[in-house]
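Beneath this line is the structure, given in structure tokens, with notes to follow.
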Amino acid sequence: MFNLVYRGLRKFKNRELLRTDMGKSLKITGVYLFIMLSAHIWAMMIFENLSFWDSFWLTLTTVTTVGYGDLSATSLEGRFSTILILFVGSVFVAAKAAGDYFDYRSNLRQKKLRGRWRWNMSGHIIIMNTPASFGEQYLQRLIKQFRTSRQYENNDIELLTSQFPEGLPSSITDLKRVAHYHGRADDVECMRAVNVQEADVIVVLAKQEGDKSSDGRTFDILHRLNELGEQGMILAECVDDDNRARLLGAGADIVIRPIRAYPEMIVRALVTPGSEQIIENMFSNEGDEYLRYDVNIQGIPWSAILCCLAKNDLGTAIGYMSKNSNKLQCNPPANEQVDAVALFLMAREENIPDPLAIQAALKDI
């Protein structure tokens, strides 16, 4: 009987219920069911002269349709009470409660899946915005970098993005401990929903890595984060270098150019603040230059090469091309004996070493 009533209720159930507060509905139903069961227990004690425990047992076996038959209502008043309270009232309420519960669980799952659930995380990493091009692949690589970092490998990660309205792709959820909230990164209520005040790190990505107007939106996000009292470290991407000081003044701790091919730079900058400028210099012709010089080095300690170049103001050696393996050896041990066909070094833009000066200095070692 219970199953028949439940299927009937499910078929004709008001669809608007899915948009109501399921938790509140379940509480009201529970209170009503408790009153109905209590009324039947009282009726059995009055009309059937049963003890409280026998009345309680009879009520439960009846409302759950188990019906062992060891106890039953025999008086006209007792049977009428059972029909009115349990068959008409409680079975209906129990079926409705079951339906509400399953709808509530389904609605809850959909909210979490589609980014409408407030997780109330703390000590987490928030990634705001999603790159317009290949956003899924970029986020996947960025999250993997956080997972491989000793400093951030155990932090939960939450994405605040207007993308993925139907849920995060499996390529991201498979990385575990990753949630998302669907909304705009510059919306204060969305910021509260991802609990920015409790985050360890907030990464503000530029929506359009080639559009300078993205910096304006980033500035608004930083300003709102500051108003909300965010205390964690904030890294912001900056498209136009002229806006760097502006973003730093708005509250960013680290400002970095958007380099979509290397999300690793973001994690490196957070782990070692300041290293992002060293890496950025490698991609530009401003400031330091990274150069290759063809040389013929045999059996010279790496420490001797470093000292020689520094002493003669010829730059800083960072690696060499091995003569034996033809592979780049970057930052080798100081006592390593170098056999090289090429030397890589970093030099100031205004003091680019002459290849002959490099060769002459190495001969003097």
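So you can find residues: chains in the structure tokens are A, B, ... in the order shown, residues in each start at 1, and ligands are numbered from 1 in order.
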Could you find all residues in region 92-210 of chain A that DSSP calls alpha helix (DSSP H) from the backbone, and write them as a ChimeraX atom specification? /A:92-113,135-148,170-173,188-193
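The residue set within 12 Å of Arg268 (chain A), counting only C-alpha atoms and dropping same-chain residues fewer than 2 places from it, reads A:Leu142, A:Gln145, A:Phe146, A:Thr148, A:Ser149, A:Arg150, A:Gln151, A:Tyr152, A:Leu235, A:Ile254, A:Ile256, A:Tyr262, A:Pro263, A:Glu264, A:Met265, A:Ile266, A:Leu270, A:Val271, A:Thr272, A:Pro273, A:Gly274, A:Ser275, A:Glu276, A:Gln277, A:Ile278, A:Ile279, A:Glu280.
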Would you give me, as a Markdown table, each residue of region 22-88 of chain A having an atom within 12 Å of an atom of region 96-111 of chain A, along with its shortest atom pair and that distance in Å to one decimal, using only C-alpha atoms and sorting by chain and residue number?
```
| residue | atom | partner | partner_atom | distance |
| --- | --- | --- | --- | --- |
| A:Met22 | CA | A:Tyr104 | CA | 5.2 |
| A:Gly23 | CA | A:Tyr104 | CA | 7.1 |
| A:Lys24 | CA | A:Asp100 | CA | 10.2 |
| A:Ser25 | CA | A:Asp100 | CA | 7.3 |
| A:Leu26 | CA | A:Ala97 | CA | 6.3 |
| A:Lys27 | CA | A:Ala97 | CA | 9.2 |
| A:Ile28 | CA | A:Ala97 | CA | 9.4 |
| A:Thr29 | CA | A:Ala97 | CA | 6.1 |
| A:Gly30 | CA | A:Ala97 | CA | 7.3 |
| A:Val31 | CA | A:Ala97 | CA | 10.7 |
| A:Tyr32 | CA | A:Ala97 | CA | 10.1 |
| A:Leu33 | CA | A:Ala97 | CA | 8.8 |
| A:Phe34 | CA | A:Ala97 | CA | 11.8 |
```
Print the selection's residues with C-alpha atoms to a file, as a tab-separated table (two decimals), in the first residue's frame.
```
chain	number	residue	atom	x	y	z
A	22	MET	CA	13.16	21.15	0.89
A	23	GLY	CA	14.72	21.21	4.33
A	24	LYS	CA	11.85	23.30	5.74
A	25	SER	CA	9.28	21.06	4.03
A	26	LEU	CA	10.83	17.96	5.57
A	27	LYS	CA	10.75	19.52	9.05
A	28	ILE	CA	7.08	20.48	8.76
A	29	THR	CA	6.20	17.03	7.47
A	30	GLY	CA	8.14	15.39	10.30
A	31	VAL	CA	6.28	17.42	12.95
A	32	TYR	CA	2.93	16.59	11.34
A	33	LEU	CA	3.78	12.90	11.17
A	34	PHE	CA	4.81	12.90	14.83
```
According to DSSP computed on the backbone, where in region 70-258 of chain A is there strand (DSSP E)? Give the residues as JSON, numbers by chain. {"A": [125, 126, 127, 128, 157, 158, 159, 160, 161, 178, 179, 180, 181, 182, 201, 202, 203, 204, 233, 234, 235, 236, 237, 254, 255, 256]}
Give me the residues near region 163-169 of chain A as a PyMOL selection string, where near means some atom within 12 Å (using only C-alpha atoms) and where sequence neighbours in that chain fewer than 3 positions away do not count. chain A and resi 109-117+128-137+139-140+158-160+172-176+178-185+207
Within 12 Å of Ala360 (chain A), counting only C-alpha atoms, which residues qualify if same-chain residues fewer than 3 places away don't, as number ranges by chain? A: 295-297, 308-309, 312, 314, 353-357, 363-365
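Residues in contact with region 43-60 of chain A at up to 8 Å, not including ones fewer than 4 positions away on its chain and judged by only C-alpha atoms, are Leu37, Ala39, Thr64, Leu71, Ser72, Ala73, Thr74, Ser75, Glu77, Gly78 and Ser81 of chain A.
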Polymer residues at most 7 Å from region 239-250 of chain A, only C-alpha atoms, same-chain spacing of 5 or more positions, as a ChimeraX atom specification: /A:209-212,215,219,222-223,255,257-258
